[in-house]
Amino acid sequence: MSLFSKLFKLFLAVVLMPFVPMVLLLAYYQEHLKDNILETHANLAQIVSSSMNQHIEDLGWRLSFAPHVTDALNNKKSPVPILRDALAANPDFVMLAVLSPQGKERYRAGDKQILRDVPPLDLSGDPVLDELSKKNELSVSSFDVVDGRPISEFIYPLPNGDFLYGIMSFFAFLSRVQEQRIGTTGRIYLVDQNGSVYAGEYQYRPEFDAEELRRAFTSGDRLIKALKTKQDDYVGAYASTPILGAYVAVLQLKSEAYRSIYYTNIILALFLLTIATLAYFGALTFAERLGEPIGALSEAAKEVSKGNLEGKIDEDIGWGEFKQLISQFNKMTADLKDYQVLQLQAQISEMKEHVFRAVAHDLRAPLLGLQGYLYILQSGKASKAEEKEYLEQMTGAARDLSSLLEDVLDVSRVQAGMLSPRKEPVDAAALAKSVTDALAPTAAEKGLLLETDVPPLTLEADAKLLRRVLMNLVSNAVKFTDKGYVRVCGGQDAAGDWLAVEDSGIGMSEQEMKGLFQKYYQINSDKAGYGLGLFISRQIVTAHGGELQVTSRRGKGSRFTVTFPKEKK
């Protein structure tokens, strides 16, 4: 995967990830909002139910004519005139009758059509009559529809033992209620317990599924979240009424009830789409602008690592700090190229003299060894096992020669006066930490504690050369310490700023320390190396105007201290 692809996906994920909880929160909020809308329908249904209850409770004082009926019966007179007056005073009474204590009809009055349709009443044996006689209270029967009018029967016990029977129409009451609207399609319906909807001729009644309504009434949840018809879907709520088996339902087209939510969804969808589009192109643009200079630096660094110092990055592709970074990188490669030229010139002029004079003895032994192994191999007298062993010995000898030559070149540069540090502010604590981090695996293999204890300290030094000094000192400490610790510390005193590397290793005697900083000097010849690291380190410190000193005790460890004198102002 290219750098551009990684950056693009990263930026896009950072921008779009917050959308996930936002969408979940909006989904939850919209469900909650739908319930709130249906709660409004439920409250309206409850208000209508309460109004119906009040309408029935008012029936008690509307039966104030009942004592007159009783008086007429006690005086052996017909109560029909009183019943007719009551019917005239109460238009919603469609029929009134007087029943004997046994439940048989004695007198009746009412609308002629109703009187023809309703046969003579005979409630003999109805247990309701006995209960009413004992409780002496009004009873209202279940809801029914007669001749297209919603009615309910009521029975009221009279003091003389007879009963006042009546049929009350809810047509006028429901007509007033059904005039109410919720939006354009929201209506209030009176529904019986079987799901049959009553609606007047003037009221539109969709083909509701009676079974679905019945299930809604028995579910216990007063909110109706889905009610299907052949054409549309409805939502709403219901409330029970004081009339046995009757419910008030407030129903509205789902599309209209949730219209505001749908509009909000559309607006939010457009908003999210806009944000996603802007995020996409923003991430694309940012990834391109960020990826191009990083990619160019990465490719140029690969070329430098291969030894190609001819390349140059176009500074115009950079922006902000990247432009400065590219400029510094180009300057660095130019300086490296100049240094490479100077290095080659110095090597060409002095390599022969310094190499032959400094390492003639050290080169002779491995070269003679290589020559001897080659002679044996060419003779064909060595076995396969011996050939393998000789090749391994030759590989080790070649590796030693390479390491020796590298150190010799450094010594040659020092002696040729080419070591000129470029001083700049160096964070000593960070430098020490980088060195210990690099050598941490080697220390861990030996079970050593490798740590730094350098306070905030800024040194005027060449960071690259100073790092080499610390690397030599710490690697030597790890090499000659079998258990315990190796520590890099630092500070300030009257003499100036200092850094020290101390260990709990084998230590040295005073005699061994005398030639410690000489070329090719080694205390333990069984340890790998050619004795050039400490010589080069002291030369680097001296080039900075400082000192490299050592204190040690045999078997107690050593301490190497680099001191930089205070700058004179």
# chains A, B, ... in the order shown; residues from 1 in each chain; ligands from 1

call {"tool": "residues_around", "arguments": {"residues": "Ile261 in chain A", "least_positions_apart": "3", "cutoff": "9 Å", "atoms": "only C-alpha atoms", "output": "ChimeraX atom specification"}}
result
/A:30,33-34,257-258,264-266

call {"tool": "residues_around", "arguments": {"residues": "Ala42 in chain A", "least_positions_apart": "2", "cutoff": "10 Å", "atoms": "only C-alpha atoms", "output": "PyMOL selection string"}}
result
chain A and resi 36-40+44-48+222-224+236-239+248-251

call {"tool": "atom_distance", "arguments": {"atom1": "CA of Tyr107 in chain A", "atom2": "CA of Glu57 in chain A"}}
result
25.3 Å

call {"tool": "closest_residue", "arguments": {"among": "A:Leu466, A:Ala443, A:Ala398, A:Tyr339", "to": "Lys423 in chain A", "atoms": "only C-alpha atoms"}}
result
A:Leu466

call {"tool": "residues_around", "arguments": {"residues": "range 67-77 of chain A", "least_positions_apart": "2", "cutoff": "7 Å", "atoms": "only C-alpha atoms", "output": "count of residues only"}}
result
7

call {"tool": "residues_around", "arguments": {"residues": "Ala428 in chain A", "least_positions_apart": "2", "cutoff": "7 Å", "atoms": "only C-alpha atoms", "output": "PyMOL selection string"}}
result
chain A and resi 426+430-432+457-459

call {"tool": "residues_around", "arguments": {"residues": "Ala494 in chain A", "least_positions_apart": "6", "cutoff": "12 Å", "atoms": "only C-alpha atoms", "output": "NGL selection string"}}
result
:A and (563-566)

call {"tool": "write_last_selection", "arguments": {"atoms": "N, CA and C atoms", "output": "short mmCIF file (atom, residue, chain, number, x, y, z; two decimals), in the first residue's frame"}}
result
data_model
loop_
_atom_site.label_atom_id
_atom_site.label_comp_id
_atom_site.auth_asym_id
_atom_site.auth_seq_id
_atom_site.Cartn_x
_atom_site.Cartn_y
_atom_site.Cartn_z
N THR A 563 34.59 15.93 29.89
CA THR A 563 34.35 17.25 30.46
C THR A 563 34.51 18.30 29.38
N PHE A 564 33.51 19.20 29.29
CA PHE A 564 33.55 20.33 28.36
C PHE A 564 33.67 21.60 29.19
N PRO A 565 34.76 22.37 29.02
CA PRO A 565 34.92 23.59 29.83
C PRO A 565 33.85 24.62 29.47
N LYS A 566 33.58 25.51 30.41
CA LYS A 566 32.59 26.56 30.18
C LYS A 566 33.07 27.50 29.10
#

call {"tool": "residues_around", "arguments": {"residues": "Ala172 in chain A", "least_positions_apart": "4", "cutoff": "10 Å", "atoms": "only C-alpha atoms", "output": "PyMOL selection string"}}
result
chain A and resi 91-92+149-150+176-178

call {"tool": "write_last_selection", "arguments": {"atoms": "N, CA and C atoms", "output": "JSON list (two decimals), in the first residue's frame"}}
result
[["chain", "number", "residue", "atom", "x", "y", "z"],
["A", 91, "PRO", "N", -82.50, 15.32, 23.83],
["A", 91, "PRO", "CA", -82.55, 14.83, 22.45],
["A", 91, "PRO", "C", -81.75, 13.55, 22.21],
["A", 92, "ASP", "N", -80.75, 13.29, 23.07],
["A", 92, "ASP", "CA", -79.96, 12.08, 22.84],
["A", 92, "ASP", "C", -80.62, 10.85, 23.42],
["A", 149, "ARG", "N", -76.78, 4.51, 14.18],
["A", 149, "ARG", "CA", -76.51, 5.43, 15.29],
["A", 149, "ARG", "C", -75.87, 4.67, 16.44],
["A", 150, "PRO", "N", -74.78, 5.22, 17.03],
["A", 150, "PRO", "CA", -74.15, 4.57, 18.19],
["A", 150, "PRO", "C", -75.01, 4.79, 19.43],
["A", 176, "ARG", "N", -69.52, 15.83, 17.44],
["A", 176, "ARG", "CA", -68.67, 16.94, 17.88],
["A", 176, "ARG", "C", -67.21, 16.49, 18.01],
["A", 177, "VAL", "N", -67.05, 15.28, 18.55],
["A", 177, "VAL", "CA", -65.68, 14.78, 18.73],
["A", 177, "VAL", "C", -65.01, 14.52, 17.39],
["A", 178, "GLN", "N", -65.76, 13.92, 16.46],
["A", 178, "GLN", "CA", -65.16, 13.52, 15.19],
["A", 178, "GLN", "C", -64.90, 14.70, 14.26]]

call {"tool": "select_by_dssp", "arguments": {"residues": "range 70-176 of chain A", "states": "strand (DSSP E)", "output": "PyMOL selection string"}}
result
chain A and resi 93-99+105-110+139-146+149-157+163-169

call {"tool": "residues_around", "arguments": {"residues": "Val501 in chain A", "least_positions_apart": "5", "cutoff": "8 Å", "atoms": "only C-alpha atoms", "output": "PyMOL selection string"}}
result
chain A and resi 470+473-474+477+486-489+559-561

call {"tool": "write_last_selection", "arguments": {"atoms": "N, CA and C atoms", "output": "CSV table (one decimal), in the first residue's frame"}}
result
chain,number,residue,atom,x,y,z
A,470,LEU,N,30.2,8.6,23.0
A,470,LEU,CA,29.4,7.8,23.9
A,470,LEU,C,29.2,6.4,23.5
A,473,LEU,N,32.3,4.4,24.4
A,473,LEU,CA,32.4,4.2,25.9
A,473,LEU,C,31.4,3.2,26.4
A,474,VAL,N,30.1,3.4,26.0
A,474,VAL,CA,29.0,2.5,26.5
A,474,VAL,C,29.2,1.1,26.0
A,477,ALA,N,31.9,-0.5,27.9
A,477,ALA,CA,31.4,-0.9,29.3
A,477,ALA,C,30.6,-2.1,29.3
A,486,VAL,N,25.4,-0.7,33.7
A,486,VAL,CA,26.1,0.3,33.0
A,486,VAL,C,25.2,1.5,33.0
A,487,ARG,N,25.8,2.7,33.4
A,487,ARG,CA,25.0,3.9,33.6
A,487,ARG,C,25.7,5.1,32.9
A,488,VAL,N,24.8,5.9,32.2
A,488,VAL,CA,25.3,7.1,31.6
A,488,VAL,C,24.7,8.2,32.5
A,489,CYS,N,25.6,9.1,33.0
A,489,CYS,CA,25.1,10.2,33.8
A,489,CYS,C,25.7,11.5,33.4
A,559,ARG,N,35.0,4.3,35.4
A,559,ARG,CA,34.2,5.5,35.1
A,559,ARG,C,35.0,6.3,34.2
A,560,PHE,N,34.4,6.6,33.0
A,560,PHE,CA,35.0,7.4,31.9
A,560,PHE,C,34.2,8.7,32.0
A,561,THR,N,34.9,9.9,32.1
A,561,THR,CA,34.3,11.2,32.2
A,561,THR,C,34.7,12.1,31.1

call {"tool": "closest_residue", "arguments": {"among": "A:Gln54, A:Gln328, A:Asn472, A:Ser537", "to": "Leu297 in chain A", "atoms": "only C-alpha atoms"}}
result
A:Gln328

call {"tool": "closest_residue", "arguments": {"among": "A:Leu309, A:Ala109, A:Gly557, A:Val20", "to": "Leu272 in chain A", "atoms": "only C-alpha atoms"}}
result
A:Val20

call {"tool": "closest_residue", "arguments": {"among": "A:Asn43, A:Ser139, A:Thr184, A:Asn330", "to": "Asp314 in chain A", "atoms": "only C-alpha atoms"}}
result
A:Asn330

call {"tool": "select_by_dssp", "arguments": {"residues": "range 9-202 of chain A", "states": "helix (DSSP H, G or I)", "output": "JSON list (two decimals) with N, CA and C atoms, in the first residue's frame"}}
result
[["chain", "number", "residue", "atom", "x", "y", "z"],
["A", 9, "LYS", "N", -6.62, 7.04, 3.64],
["A", 9, "LYS", "CA", -7.52, 6.25, 4.48],
["A", 9, "LYS", "C", -7.50, 6.71, 5.92],
["A", 10, "LEU", "N", -6.33, 7.12, 6.41],
["A", 10, "LEU", "CA", -6.23, 7.60, 7.79],
["A", 10, "LEU", "C", -7.04, 8.87, 7.99],
["A", 11, "PHE", "N", -6.85, 9.86, 7.11],
["A", 11, "PHE", "CA", -7.57, 11.12, 7.24],
["A", 11, "PHE", "C", -9.07, 10.91, 7.08],
["A", 12, "LEU", "N", -9.45, 10.05, 6.13],
["A", 12, "LEU", "CA", -10.87, 9.80, 5.90],
["A", 12, "LEU", "C", -11.50, 9.12, 7.11],
["A", 13, "ALA", "N", -10.78, 8.17, 7.71],
["A", 13, "ALA", "CA", -11.30, 7.48, 8.90],
["A", 13, "ALA", "C", -11.44, 8.45, 10.07],
["A", 14, "VAL", "N", -10.46, 9.34, 10.25],
["A", 14, "VAL", "CA", -10.52, 10.30, 11.36],
["A", 14, "VAL", "C", -11.74, 11.20, 11.24],
["A", 15, "VAL", "N", -12.05, 11.61, 10.01],
["A", 15, "VAL", "CA", -13.19, 12.52, 9.81],
["A", 15, "VAL", "C", -14.52, 11.79, 9.91],
["A", 16, "LEU", "N", -14.58, 10.57, 9.35],
["A", 16, "LEU", "CA", -15.88, 9.88, 9.25],
["A", 16, "LEU", "C", -16.21, 9.02, 10.47],
["A", 19, "PHE", "N", -19.10, 9.93, 12.66],
["A", 19, "PHE", "CA", -20.43, 9.79, 12.10],
["A", 19, "PHE", "C", -21.16, 8.56, 12.63],
["A", 20, "VAL", "N", -20.41, 7.53, 13.02],
["A", 20, "VAL", "CA", -21.04, 6.28, 13.46],
["A", 20, "VAL", "C", -21.87, 6.51, 14.72],
["A", 21, "PRO", "N", -21.27, 7.05, 15.82],
["A", 21, "PRO", "CA", -22.13, 7.31, 17.00],
["A", 21, "PRO", "C", -23.20, 8.35, 16.71],
["A", 22, "MET", "N", -22.91, 9.30, 15.79],
["A", 22, "MET", "CA", -23.91, 10.32, 15.49],
["A", 22, "MET", "C", -25.14, 9.68, 14.84],
["A", 23, "VAL", "N", -24.91, 8.77, 13.89],
["A", 23, "VAL", "CA", -26.03, 8.10, 13.21],
["A", 23, "VAL", "C", -26.82, 7.24, 14.20],
["A", 24, "LEU", "N", -26.11, 6.52, 15.09],
["A", 24, "LEU", "CA", -26.81, 5.71, 16.10],
["A", 24, "LEU", "C", -27.63, 6.59, 17.03],
["A", 25, "LEU", "N", -27.06, 7.72, 17.42],
["A", 25, "LEU", "CA", -27.78, 8.63, 18.30],
["A", 25, "LEU", "C", -29.02, 9.20, 17.61],
["A", 26, "LEU", "N", -28.88, 9.54, 16.33],
["A", 26, "LEU", "CA", -30.02, 10.07, 15.59],
["A", 26, "LEU", "C", -31.12, 9.01, 15.43],
["A", 27, "ALA", "N", -30.70, 7.76, 15.19],
["A", 27, "ALA", "CA", -31.69, 6.68, 15.07],
["A", 27, "ALA", "C", -32.47, 6.51, 16.37],
["A", 28, "TYR", "N", -31.73, 6.54, 17.49],
["A", 28, "TYR", "CA", -32.41, 6.43, 18.78],
["A", 28, "TYR", "C", -33.33, 7.62, 19.02],
["A", 29, "TYR", "N", -32.86, 8.81, 18.67],
["A", 29, "TYR", "CA", -33.66, 10.02, 18.89],
["A", 29, "TYR", "C", -34.93, 9.99, 18.04],
["A", 30, "GLN", "N", -34.83, 9.50, 16.82],
["A", 30, "GLN", "CA", -36.01, 9.47, 15.96],
["A", 30, "GLN", "C", -37.04, 8.47, 16.45],
["A", 31, "GLU", "N", -36.59, 7.31, 16.97],
["A", 31, "GLU", "CA", -37.53, 6.37, 17.56],
["A", 31, "GLU", "C", -38.23, 7.00, 18.76],
["A", 32, "HIS", "N", -37.46, 7.71, 19.56],
["A", 32, "HIS", "CA", -38.03, 8.39, 20.72],
["A", 32, "HIS", "C", -39.02, 9.47, 20.26],
["A", 33, "LEU", "N", -38.69, 10.17, 19.19],
["A", 33, "LEU", "CA", -39.58, 11.22, 18.68],
["A", 33, "LEU", "C", -40.87, 10.62, 18.14],
["A", 34, "LYS", "N", -40.80, 9.46, 17.48],
["A", 34, "LYS", "CA", -42.01, 8.80, 17.00],
["A", 34, "LYS", "C", -42.93, 8.44, 18.16],
["A", 35, "ASP", "N", -42.33, 7.93, 19.25],
["A", 35, "ASP", "CA", -43.14, 7.60, 20.42],
["A", 35, "ASP", "C", -43.79, 8.85, 21.00],
["A", 36, "ASN", "N", -43.07, 9.97, 20.97],
["A", 36, "ASN", "CA", -43.65, 11.21, 21.48],
["A", 36, "ASN", "C", -44.85, 11.65, 20.64],
["A", 37, "ILE", "N", -44.73, 11.48, 19.32],
["A", 37, "ILE", "CA", -45.85, 11.83, 18.45],
["A", 37, "ILE", "C", -47.06, 10.96, 18.77],
["A", 38, "LEU", "N", -46.82, 9.65, 18.94],
["A", 38, "LEU", "CA", -47.93, 8.75, 19.26],
["A", 38, "LEU", "C", -48.48, 9.01, 20.66],
["A", 39, "GLU", "N", -47.62, 9.49, 21.57],
["A", 39, "GLU", "CA", -48.11, 9.86, 22.90],
["A", 39, "GLU", "C", -49.10, 11.02, 22.81],
["A", 40, "THR", "N", -48.89, 11.91, 21.85],
["A", 40, "THR", "CA", -49.85, 13.00, 21.63],
["A", 40, "THR", "C", -51.20, 12.43, 21.21],
["A", 41, "HIS", "N", -51.19, 11.44, 20.32],
["A", 41, "HIS", "CA", -52.43, 10.78, 19.92],
["A", 41, "HIS", "C", -53.09, 10.10, 21.12],
["A", 42, "ALA", "N", -52.26, 9.45, 21.97],
["A", 42, "ALA", "CA", -52.80, 8.76, 23.14],
["A", 42, "ALA", "C", -53.44, 9.75, 24.11],
["A", 43, "ASN", "N", -52.83, 10.90, 24.29],
["A", 43, "ASN", "CA", -53.40, 11.92, 25.19],
["A", 43, "ASN", "C", -54.74, 12.43, 24.66],
["A", 44, "LEU", "N", -54.82, 12.61, 23.34],
["A", 44, "LEU", "CA", -56.08, 13.06, 22.76],
["A", 44, "LEU", "C", -57.17, 12.00, 22.94],
["A", 45, "ALA", "N", -56.81, 10.73, 22.74],
["A", 45, "ALA", "CA", -57.78, 9.65, 22.94],
["A", 45, "ALA", "C", -58.25, 9.61, 24.39],
["A", 46, "GLN", "N", -57.35, 9.85, 25.33],
["A", 46, "GLN", "CA", -57.73, 9.85, 26.74],
["A", 46, "GLN", "C", -58.64, 11.02, 27.06],
["A", 47, "ILE", "N", -58.40, 12.17, 26.43],
["A", 47, "ILE", "CA", -59.28, 13.34, 26.64],
["A", 47, "ILE", "C", -60.70, 13.04, 26.17],
["A", 48, "VAL", "N", -60.80, 12.40, 24.99],
["A", 48, "VAL", "CA", -62.13, 12.05, 24.46],
["A", 48, "VAL", "C", -62.80, 11.04, 25.38],
["A", 49, "SER", "N", -62.03, 10.06, 25.88],
["A", 49, "SER", "CA", -62.59, 9.07, 26.80],
["A", 49, "SER", "C", -63.09, 9.73, 28.07],
["A", 50, "SER", "N", -62.32, 10.70, 28.56],
["A", 50, "SER", "CA", -62.74, 11.42, 29.78],
["A", 50, "SER", "C", -64.00, 12.22, 29.52],
["A", 51, "SER", "N", -64.11, 12.81, 28.33],
["A", 51, "SER", "CA", -65.32, 13.57, 27.98],
["A", 51, "SER", "C", -66.54, 12.64, 27.93],
["A", 52, "MET", "N", -66.35, 11.44, 27.38],
["A", 52, "MET", "CA", -67.44, 10.48, 27.33],
["A", 52, "MET", "C", -67.84, 10.04, 28.74],
["A", 53, "ASN", "N", -66.87, 9.88, 29.59],
["A", 53, "ASN", "CA", -67.14, 9.51, 30.97],
["A", 53, "ASN", "C", -67.95, 10.60, 31.66],
["A", 54, "GLN", "N", -67.56, 11.85, 31.39],
["A", 54, "GLN", "CA", -68.31, 12.98, 31.98],
["A", 54, "GLN", "C", -69.73, 13.03, 31.43],
["A", 55, "HIS", "N", -69.85, 12.69, 30.14],
["A", 55, "HIS", "CA", -71.17, 12.68, 29.51],
["A", 55, "HIS", "C", -72.08, 11.66, 30.19],
["A", 56, "ILE", "N", -71.53, 10.52, 30.53],
["A", 56, "ILE", "CA", -72.32, 9.48, 31.20],
["A", 56, "ILE", "C", -72.59, 9.85, 32.65],
["A", 57, "GLU", "N", -71.59, 10.45, 33.30],
["A", 57, "GLU", "CA", -71.83, 10.86, 34.68],
["A", 57, "GLU", "C", -72.92, 11.93, 34.79],
["A", 59, "LEU", "N", -75.48, 11.85, 33.24],
["A", 59, "LEU", "CA", -76.77, 11.17, 33.06],
["A", 59, "LEU", "C", -77.55, 11.10, 34.39],
["A", 60, "GLY", "N", -76.82, 11.09, 35.51],
["A", 60, "GLY", "CA", -77.48, 11.01, 36.81],
["A", 60, "GLY", "C", -78.42, 12.17, 37.07],
["A", 61, "TRP", "N", -77.93, 13.40, 36.86],
["A", 61, "TRP", "CA", -78.82, 14.55, 37.11],
["A", 61, "TRP", "C", -79.82, 14.75, 35.99],
["A", 62, "ARG", "N", -79.52, 14.16, 34.81],
["A", 62, "ARG", "CA", -80.50, 14.27, 33.72],
["A", 62, "ARG", "C", -81.70, 13.34, 33.94],
["A", 66, "ALA", "N", -87.10, 11.10, 37.16],
["A", 66, "ALA", "CA", -87.47, 9.77, 37.65],
["A", 66, "ALA", "C", -88.45, 9.82, 38.84],
["A", 67, "PRO", "N", -88.29, 10.74, 39.82],
["A", 67, "PRO", "CA", -89.27, 10.78, 40.94],
["A", 67, "PRO", "C", -90.70, 11.06, 40.46],
["A", 68, "HIS", "N", -90.81, 11.86, 39.38],
["A", 68, "HIS", "CA", -92.16, 12.14, 38.85],
["A", 68, "HIS", "C", -92.76, 10.87, 38.25],
["A", 69, "VAL", "N", -91.92, 10.07, 37.63],
["A", 69, "VAL", "CA", -92.41, 8.80, 37.10],
["A", 69, "VAL", "C", -92.89, 7.92, 38.25],
["A", 70, "THR", "N", -92.15, 7.91, 39.33],
["A", 70, "THR", "CA", -92.52, 7.09, 40.50],
["A", 70, "THR", "C", -93.85, 7.57, 41.08],
["A", 71, "ASP", "N", -94.01, 8.90, 41.19],
["A", 71, "ASP", "CA", -95.26, 9.45, 41.73],
["A", 71, "ASP", "C", -96.45, 9.05, 40.86],
["A", 72, "ALA", "N", -96.26, 9.13, 39.54],
["A", 72, "ALA", "CA", -97.36, 8.76, 38.64],
["A", 72, "ALA", "C", -97.72, 7.29, 38.82],
["A", 73, "LEU", "N", -96.70, 6.44, 38.95],
["A", 73, "LEU", "CA", -96.97, 5.01, 39.13],
["A", 73, "LEU", "C", -97.66, 4.75, 40.46],
["A", 74, "ASN", "N", -97.21, 5.46, 41.50],
["A", 74, "ASN", "CA", -97.84, 5.27, 42.81],
["A", 74, "ASN", "C", -99.30, 5.73, 42.80],
["A", 80, "VAL", "N", -96.36, 7.93, 30.77],
["A", 80, "VAL", "CA", -95.93, 8.18, 29.40],
["A", 80, "VAL", "C", -95.75, 9.67, 29.11],
["A", 81, "PRO", "N", -96.68, 10.55, 29.58],
["A", 81, "PRO", "CA", -96.46, 11.99, 29.32],
["A", 81, "PRO", "C", -95.15, 12.48, 29.92],
["A", 82, "ILE", "N", -94.83, 11.97, 31.09],
["A", 82, "ILE", "CA", -93.56, 12.40, 31.73],
["A", 82, "ILE", "C", -92.37, 11.90, 30.91],
["A", 83, "LEU", "N", -92.51, 10.67, 30.39],
["A", 83, "LEU", "CA", -91.42, 10.12, 29.58],
["A", 83, "LEU", "C", -91.24, 10.92, 28.30],
["A", 84, "ARG", "N", -92.34, 11.35, 27.70],
["A", 84, "ARG", "CA", -92.24, 12.13, 26.46],
["A", 84, "ARG", "C", -91.59, 13.49, 26.72],
["A", 85, "ASP", "N", -91.96, 14.08, 27.88],
["A", 85, "ASP", "CA", -91.31, 15.37, 28.21],
["A", 85, "ASP", "C", -89.81, 15.19, 28.41],
["A", 86, "ALA", "N", -89.44, 14.08, 29.02],
["A", 86, "ALA", "CA", -88.01, 13.81, 29.24],
["A", 86, "ALA", "C", -87.29, 13.60, 27.92],
["A", 87, "LEU", "N", -87.97, 12.93, 26.98],
["A", 87, "LEU", "CA", -87.37, 12.73, 25.67],
["A", 87, "LEU", "C", -87.18, 14.05, 24.94],
["A", 88, "ALA", "N", -88.15, 14.94, 25.11],
["A", 88, "ALA", "CA", -88.05, 16.24, 24.46],
["A", 88, "ALA", "C", -86.92, 17.07, 25.07],
["A", 89, "ALA", "N", -86.74, 16.91, 26.37],
["A", 89, "ALA", "CA", -85.69, 17.67, 27.05],
["A", 89, "ALA", "C", -84.29, 17.10, 26.82],
["A", 112, "LYS", "N", -90.82, 6.93, 16.89],
["A", 112, "LYS", "CA", -91.72, 5.92, 16.33],
["A", 112, "LYS", "C", -90.94, 4.81, 15.64],
["A", 113, "GLN", "N", -89.88, 5.18, 14.92],
["A", 113, "GLN", "CA", -89.10, 4.16, 14.23],
["A", 113, "GLN", "C", -88.47, 3.20, 15.22],
["A", 114, "ILE", "N", -87.94, 3.76, 16.31],
["A", 114, "ILE", "CA", -87.32, 2.93, 17.33],
["A", 114, "ILE", "C", -88.36, 2.03, 17.99],
["A", 115, "LEU", "N", -89.56, 2.62, 18.26],
["A", 115, "LEU", "CA", -90.62, 1.84, 18.91],
["A", 115, "LEU", "C", -91.05, 0.68, 18.03],
["A", 116, "ARG", "N", -91.06, 0.87, 16.70],
["A", 116, "ARG", "CA", -91.42, -0.22, 15.80],
["A", 116, "ARG", "C", -90.33, -1.28, 15.75],
["A", 117, "ASP", "N", -89.03, -0.81, 15.81],
["A", 117, "ASP", "CA", -87.92, -1.76, 15.67],
["A", 117, "ASP", "C", -87.63, -2.52, 16.95],
["A", 127, "PRO", "N", -80.03, -11.30, 35.92],
["A", 127, "PRO", "CA", -79.48, -11.06, 37.26],
["A", 127, "PRO", "C", -79.09, -9.61, 37.51],
["A", 128, "VAL", "N", -78.93, -8.82, 36.43],
["A", 128, "VAL", "CA", -78.55, -7.43, 36.59],
["A", 128, "VAL", "C", -79.61, -6.67, 37.37],
["A", 129, "LEU", "N", -80.89, -7.05, 37.16],
["A", 129, "LEU", "CA", -81.98, -6.34, 37.84],
["A", 129, "LEU", "C", -81.89, -6.53, 39.35],
["A", 130, "ASP", "N", -81.59, -7.75, 39.80],
["A", 130, "ASP", "CA", -81.48, -7.98, 41.25],
["A", 130, "ASP", "C", -80.32, -7.17, 41.83],
["A", 131, "GLU", "N", -79.21, -7.14, 41.13],
["A", 131, "GLU", "CA", -78.06, -6.38, 41.63],
["A", 131, "GLU", "C", -78.36, -4.89, 41.69],
["A", 132, "LEU", "N", -79.08, -4.37, 40.68],
["A", 132, "LEU", "CA", -79.43, -2.95, 40.69],
["A", 132, "LEU", "C", -80.38, -2.61, 41.81],
["A", 133, "SER", "N", -81.30, -3.55, 42.12],
["A", 133, "SER", "CA", -82.24, -3.31, 43.22],
["A", 133, "SER", "C", -81.50, -3.21, 44.55],
["A", 134, "LYS", "N", -80.47, -4.01, 44.69],
["A", 134, "LYS", "CA", -79.72, -4.01, 45.95],
["A", 134, "LYS", "C", -78.82, -2.77, 46.05],
["A", 135, "LYS", "N", -78.16, -2.42, 44.94],
["A", 135, "LYS", "CA", -77.21, -1.30, 44.97],
["A", 135, "LYS", "C", -77.88, 0.04, 44.76],
["A", 171, "PHE", "N", -74.65, 9.86, 19.10],
["A", 171, "PHE", "CA", -74.40, 10.42, 17.78],
["A", 171, "PHE", "C", -73.97, 11.88, 17.86],
["A", 172, "ALA", "N", -74.69, 12.70, 18.63],
["A", 172, "ALA", "CA", -74.37, 14.12, 18.71],
["A", 172, "ALA", "C", -73.00, 14.32, 19.37],
["A", 173, "PHE", "N", -72.75, 13.52, 20.43],
["A", 173, "PHE", "CA", -71.47, 13.65, 21.13],
["A", 173, "PHE", "C", -70.30, 13.29, 20.20],
["A", 174, "LEU", "N", -70.47, 12.14, 19.50],
["A", 174, "LEU", "CA", -69.40, 11.71, 18.61],
["A", 174, "LEU", "C", -69.25, 12.63, 17.41],
["A", 175, "SER", "N", -70.35, 13.22, 16.98],
["A", 175, "SER", "CA", -70.27, 14.16, 15.86],
["A", 175, "SER", "C", -69.38, 15.34, 16.22],
["A", 176, "ARG", "N", -69.52, 15.83, 17.44],
["A", 176, "ARG", "CA", -68.67, 16.94, 17.88],
["A", 176, "ARG", "C", -67.21, 16.49, 18.01],
["A", 177, "VAL", "N", -67.05, 15.28, 18.55],
["A", 177, "VAL", "CA", -65.68, 14.78, 18.73],
["A", 177, "VAL", "C", -65.01, 14.52, 17.39],
["A", 178, "GLN", "N", -65.76, 13.92, 16.46],
["A", 178, "GLN", "CA", -65.16, 13.52, 15.19],
["A", 178, "GLN", "C", -64.90, 14.70, 14.26]]
